[in-house]
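Following: one structure in structure tokens, then a few remarks.
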Amino acid sequence: MPELPEVEALAEFLRERAVGRVVAAVEVAAINVLKTFDPPPTALAGLEVVSADRHGKWLDLGADGLHLVWHLSRGGWLRWYDAVPERPARPGKGPLALRVRLDDGSGFDLTEAGTRKRLAVHVVRDAAEVPQVASLGPDPLDPGFDRDALVRLLAGSRQQVKGLLRDQHLLSGVGNAYSDEVLHAARLSPFAVAGRLGEEEVDRLDTALHAVLEAAVAAARGRPAAELKDAKRQGMRVHGRTGQECPVCGDVVREVSFADRSLQYCATCQTGGRELADRRMSRLLR
């Protein structure tokens, strides 16, 4: 799933290529992705694109008073064309969900792979009309999100720190992959209780949260949309690298599996050498 760094890179990509252009047409190939009906997608035609923004993991293309807002979810992606195929987008069995044509012949497709269709597209007059956007927590890369803000977020929480980092109502933009990376950099167990972290642990988490995300944004910046997925995978130290060597200490990267996802960690770096129990098999170790 694209997370804050990739979505920020996509927003910058669209600012460079779409802002200033006029929407020629919006073609819907998968009606299930549309979560709103008024205004209709066709209302965007003829409007100038004036902005491309990110809200957590949501993208927002602003066009003269309307906003095309979407969440790529796990299997979604944006495919850019310097010259959009002439054939209109039509319903079918392929991954194409929605196509945006611009007045210079360029544009993009929103696609979704897999059988679990979760790509969500909204056409609204204000991005805050999308409930999931309105309920987002603070952005960790916002200049106002400092150590004190993190302390307030952690205070009294009984959540495991991994879950807190992924909770979009508490902190926007961080998902499964980057929470693994942040916790590895902070040398914290994913199952540590957020409200029980000590001062030094909070310091490490604050430093890692900013350093990991800022480095990932820098690595993604300027890349074509087609390269962002591979760039994300290549930048991971532990996430998705089960059985490989930890680049910090040389220990093997371990995994805990859940029903629909998994997490990766280094026991030497993060849990004092203790292996975390698989949640499917037994009670978690802390």
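We name chains A, B, ... following the order of the structure tokens; residues begin at 1 in each chain, and ligands are numbered from 1 as shown.
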Which of segment 68-211 of chain A DSSP labels helix (DSSP H, G or I), written as a count of residues only: 48
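Nearest to Val26 of chain A of all the residues A:His239, A:Arg90, A:Arg233, A:Arg158 is A:Arg90, counting only C-alpha atoms.
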Nearby residues (only C-alpha atoms) at most 12 Å from Pro88 of chain A, same-chain spacing under 5 positions excluded, as a PyMOL selection string: chain A and resi 25-29+96+98-101+109
What would the file look like if the residues just selected were written as a short mmCIF file (atom, residue, chain, number, x, y, z; two decimals), in the first residue's frame with N, CA and C atoms?
```cif
data_model
loop_
_atom_site.label_atom_id
_atom_site.label_comp_id
_atom_site.auth_asym_id
_atom_site.auth_seq_id
_atom_site.Cartn_x
_atom_site.Cartn_y
_atom_site.Cartn_z
N ALA A 25 -11.73 15.28 -19.74
CA ALA A 25 -12.76 14.28 -19.47
C ALA A 25 -12.35 13.42 -18.29
N VAL A 26 -13.35 12.89 -17.60
CA VAL A 26 -13.13 11.87 -16.57
C VAL A 26 -14.00 10.68 -16.95
N GLU A 27 -13.36 9.54 -17.14
CA GLU A 27 -14.07 8.33 -17.59
C GLU A 27 -13.99 7.27 -16.51
N VAL A 28 -15.14 6.75 -16.12
CA VAL A 28 -15.21 5.76 -15.05
C VAL A 28 -15.34 4.37 -15.66
N ALA A 29 -14.40 3.51 -15.31
CA ALA A 29 -14.43 2.13 -15.82
C ALA A 29 -14.93 1.15 -14.77
N LEU A 96 -8.17 -1.25 -14.77
CA LEU A 96 -8.52 0.15 -14.92
C LEU A 96 -9.80 0.48 -14.17
N LEU A 98 -10.49 4.26 -13.31
CA LEU A 98 -10.90 5.61 -13.68
C LEU A 98 -9.79 6.26 -14.50
N ARG A 99 -10.18 7.06 -15.49
CA ARG A 99 -9.20 7.73 -16.35
C ARG A 99 -9.49 9.23 -16.37
N VAL A 100 -8.43 10.01 -16.21
CA VAL A 100 -8.53 11.47 -16.29
C VAL A 100 -7.75 11.93 -17.52
N ARG A 101 -8.42 12.62 -18.42
CA ARG A 101 -7.79 13.18 -19.62
C ARG A 101 -7.61 14.68 -19.42
N ASP A 109 -4.42 7.14 -15.36
CA ASP A 109 -5.38 6.13 -14.95
C ASP A 109 -5.22 5.86 -13.47
#
```
Rank nothing, just name the residue among A:Ala113, A:Val124, A:Val7, A:Ala97 nearest to Gly65 of chain A, using only C-alpha atoms. A:Val124
Distance in Å - atom CA of Gly195 of chain A versus atom CA of Ala149 of chain A: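 Atom CA of Ala149 of chain A lies at a distance of 13.5 Å from atom CA of Gly195 of chain A.
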Would you tabulate, counting only C-alpha atoms, all residues of segment 65-112 of chain A that have an atom at most 12 Å from an atom of segment 170-178 of chain A, showing the closest pair of atoms and their distance in Å to one decimal, sorted by chain then ascending number, as a tab-separated table?
```
residue	atom	partner	partner_atom	distance
A:His71	CA	A:Gly173	CA	11.2
A:Ser73	CA	A:Gly175	CA	10.6
A:Arg74	CA	A:Gly175	CA	10.6
```
Just all heavy atoms for this one: save the residues we selected as an mmCIF file, in the first residue's frame.
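File written: selection.cif
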```cif
data_model
loop_
_atom_site.group_PDB
_atom_site.id
_atom_site.type_symbol
_atom_site.label_atom_id
_atom_site.label_comp_id
_atom_site.auth_asym_id
_atom_site.auth_seq_id
_atom_site.Cartn_x
_atom_site.Cartn_y
_atom_site.Cartn_z
ATOM 1 N N HIS A 71 -8.072 7.379 -2.512
ATOM 2 C CA HIS A 71 -7.188 6.560 -1.679
ATOM 3 C C HIS A 71 -6.877 5.300 -2.475
ATOM 4 O O HIS A 71 -7.773 4.588 -2.908
ATOM 5 C CB HIS A 71 -7.886 6.202 -0.362
ATOM 6 C CG HIS A 71 -6.974 5.588 0.658
ATOM 7 N ND1 HIS A 71 -6.425 4.329 0.522
ATOM 8 C CD2 HIS A 71 -6.516 6.066 1.840
ATOM 9 C CE1 HIS A 71 -5.673 4.067 1.578
ATOM 10 N NE2 HIS A 71 -5.704 5.107 2.386
ATOM 11 N N SER A 73 -5.432 2.546 -1.510
ATOM 12 C CA SER A 73 -5.568 1.318 -0.748
ATOM 13 C C SER A 73 -4.420 0.359 -1.070
ATOM 14 O O SER A 73 -3.339 0.779 -1.461
ATOM 15 C CB SER A 73 -6.932 0.665 -0.999
ATOM 16 O OG SER A 73 -7.174 -0.348 -0.048
ATOM 17 N N ARG A 74 -4.637 -0.940 -0.907
ATOM 18 C CA ARG A 74 -3.535 -1.894 -1.044
ATOM 19 C C ARG A 74 -3.139 -2.154 -2.486
ATOM 20 O O ARG A 74 -1.962 -2.237 -2.820
ATOM 21 C CB ARG A 74 -3.904 -3.218 -0.365
ATOM 22 C CG ARG A 74 -2.815 -4.272 -0.473
ATOM 23 C CD ARG A 74 -3.100 -5.460 0.424
ATOM 24 N NE ARG A 74 -3.022 -5.090 1.825
ATOM 25 C CZ ARG A 74 -3.143 -5.960 2.827
ATOM 26 N NH1 ARG A 74 -3.359 -7.237 2.566
ATOM 27 N NH2 ARG A 74 -3.069 -5.557 4.074
#
```
The residue from A:Gly137, A:Pro41, A:Pro143, A:Pro131 with the smallest atom-to-atom distance to Ala24 of chain A, counting only C-alpha atoms, is A:Pro41
Give me the residues near Ala219 of chain A as a ChimeraX atom specification, where near means some atom within 12 Å (using only C-alpha atoms) and where sequence neighbours in that chain fewer than 3 positions away do not count. /A:5-6,8-9,212-216,222-224,227-236
Where in segment 25-151 of chain A does DSSP assign strand (DSSP E), given as a PyMOL selection string? chain A and resi 25-28+49-55+58-63+66-71+76-81+96-102+107-112+120-124
Write out as a PyMOL selection string each polymer residue whose atoms come within 12 Å of segment 241-249 of chain A, counting only C-alpha atoms; drop sequence neighbours fewer than 6 positions from it. chain A and resi 177+180-181+184-185+187+233-235+255-257+262-270+273
Atomic separation - atom CA of Ala43 of chain A relative to atom CA of Leu78 of chain A, Å: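 These atoms are spaced 21.0 Å apart.
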Which segment 26-128 of chain A residues have any atom within 8 Å of an atom of segment 15-22 of chain A, and for each, what is the nearest pair of atoms with distance in Å to one decimal, counting only C-alpha atoms, rows sorted by chain and number, as JSON lines?
```
{"residue": "A:Ala45", "atom": "CA", "partner": "A:Val22", "partner_atom": "CA", "distance": 7.7}
{"residue": "A:Gly46", "atom": "CA", "partner": "A:Val22", "partner_atom": "CA", "distance": 6.0}
{"residue": "A:Leu47", "atom": "CA", "partner": "A:Val22", "partner_atom": "CA", "distance": 5.5}
{"residue": "A:Glu48", "atom": "CA", "partner": "A:Val22", "partner_atom": "CA", "distance": 4.1}
{"residue": "A:Val49", "atom": "CA", "partner": "A:Val19", "partner_atom": "CA", "distance": 4.9}
{"residue": "A:Val50", "atom": "CA", "partner": "A:Val19", "partner_atom": "CA", "distance": 5.2}
{"residue": "A:Ser51", "atom": "CA", "partner": "A:Val19", "partner_atom": "CA", "distance": 5.8}
{"residue": "A:Ala52", "atom": "CA", "partner": "A:Arg15", "partner_atom": "CA", "distance": 5.4}
{"residue": "A:Leu102", "atom": "CA", "partner": "A:Val22", "partner_atom": "CA", "distance": 5.6}
{"residue": "A:Asp103", "atom": "CA", "partner": "A:Val22", "partner_atom": "CA", "distance": 5.3}
{"residue": "A:Asp104", "atom": "CA", "partner": "A:Arg21", "partner_atom": "CA", "distance": 7.4}
{"residue": "A:Gly107", "atom": "CA", "partner": "A:Ala18", "partner_atom": "CA", "distance": 7.7}
```
Atom CA of Leu164 of chain A to atom CA of Met1 of chain A: how many Å, to one decimal?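 Going from atom CA of Leu164 of chain A over to atom CA of Met1 of chain A covers 17.7 Å.
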